[in-house]
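Below is one structure, written out as structure tokens; comments come after it.
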Amino acid sequence: MGTSWGYSNFIKRDELENKIGLGNTLIIACKVNVNAGMVDEMIESSIVEPEVSPSSLIEDLGSLLESKKYGDVSIKVGNRKILAHKNILAARSSVFAAMFEHKMEEKITNVVSIADIKLVVLEEMLRYIYTDKVNNLDTLSYQLYTAADKYDIPALKSLCRIAILGNLSTENVAETIICADLHSDREMKSRAMQFLSRNISVALGVTKSKGWKQMEATHPHLVTEAFETLASNMYQNLAPLPPAHDTCNRRNRAEYSRLGAGMLLLRLPNSLLQRPRNLMRAKNCCDLSTCSSWRPNFAPFGTVSALQLVMGKETGRSKGFGYVQYVEAADASKAMVQKNPRLVEGQNLKVNSENGKEV
């Protein structure tokens, strides 16, 4: 048999008894050698770490909603009812929580009737409540945003806001401004206004959209705000206009016309010019080096918030025109009706409205 583990040194019992004889004492000395490394290696290799199963919470809650099992409240839209669970709805929405905590009709009848949200929107809102997921966000972003705001689901509202702002265009920016204003969303409204006032081409495109027409009809104060934002942005970013051959062509929506010595005046559409504004253009001031002397001529009509003489970047000299801005648009209107010209430092300074029509 084997030659390892000391087997070759073994002795049979009867042979051992014959050698030591009866009455003698046998002393056995043992020497044990242990290969610790081999033992450790064998133990470690035999251990298999258990694998953690992936969580199925989202899928399970989604299945719970779809299965309509164990539901204790019905959400009614038109003739359709969706069975849901009060505890889940209350955990995700403070509005639903209030319904079920107090003695309201919803708590007594176990029915929540919704008249201002479409069924497809409600289904996606419930999907998000149960699973943190939503389908068709691009097409339902505005409606889901409204539903999320109504039922106080901040995470869904934020998700919709990101989708809306990520898809801003000349066709939907007016709709976005209306939506933000209705729900007091300053961030979304500010971003939409910035998009509108990014450049004049965008503004002109927006005024052709259905959303802008709706805003003019139902939210005229937003038209005023949009116009003021655009005018303010144009004023803050005044710069010499490029040569006519670089910007003027019949395809451009913005129309430019030459005034004086190479000056260009942008003509805005009537939809942007139908309301009083607080910004006026002053021209025929080529020899002036500062506009500080203008204030006495315009101060009698109201509080002047800013004066600017447009200077050439290369020459450092006046481009021949500047701007006067009043705090109130009504004051600008009063100043407009005064007869031109105004004598400033020996020059006949003329003012006109931003639509290019001299008063």
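Within each chain, counting starts at residue 1; across the structure tokens, chains are named A, B, ... in the order shown, with ligands numbered 1 upward in that order.
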Exercise for review: Quick one: everything within 9 Å of A:Gln143, counting only C-alpha atoms, minus sequence neighbours fewer than 5 positions away in the same chain. Send it as a VMD selection string.
Suggested key: chain A and resid 117 to 118 121 148
Exercise for review: Excluding A:Arg191 and any residue of its chain fewer than 4 positions from it, enumerate the residues within 10 Å of it, using only C-alpha atoms, and give them as a list in words.
Suggested key: Leu165, Leu168, Val173, Thr176, Ile177, Ala180, Arg186, Glu187, Phe195 and Leu196 of chain A
Exercise for review: Just the residues within 10 Å of A:Lys208, please, counting only C-alpha atoms, with nothing from its chain fewer than 3 positions along; format it as number ranges by chain.
Suggested key: A: 170-171, 203-205, 211-213, 271
Practice item. For stretch 62-79 of chain A, work out the shell of residues within 7 Å, counting only C-alpha atoms and skipping chain neighbours fewer than 6 positions away, then give it as number ranges by chain. Key: A: 85-86, 110-115, 119, 130-131
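Proximity of A:Pro296, A:Gly312, A:Pro154, A:Pro54 to A:Val324, computed with only C-alpha atoms, is greatest for A:Pro296.
Comparing A:Asn24, A:Thr139, A:Gln214, A:Ser190 by their smallest distance to A:Ala163, the closest is A:Thr139 (using only C-alpha atoms).
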Check your understanding: If you measure from atom CA of A:Leu309 to atom CA of A:Leu230, what distance in Å do you get, rounded to one decimal?
Key -> 19.6 Å
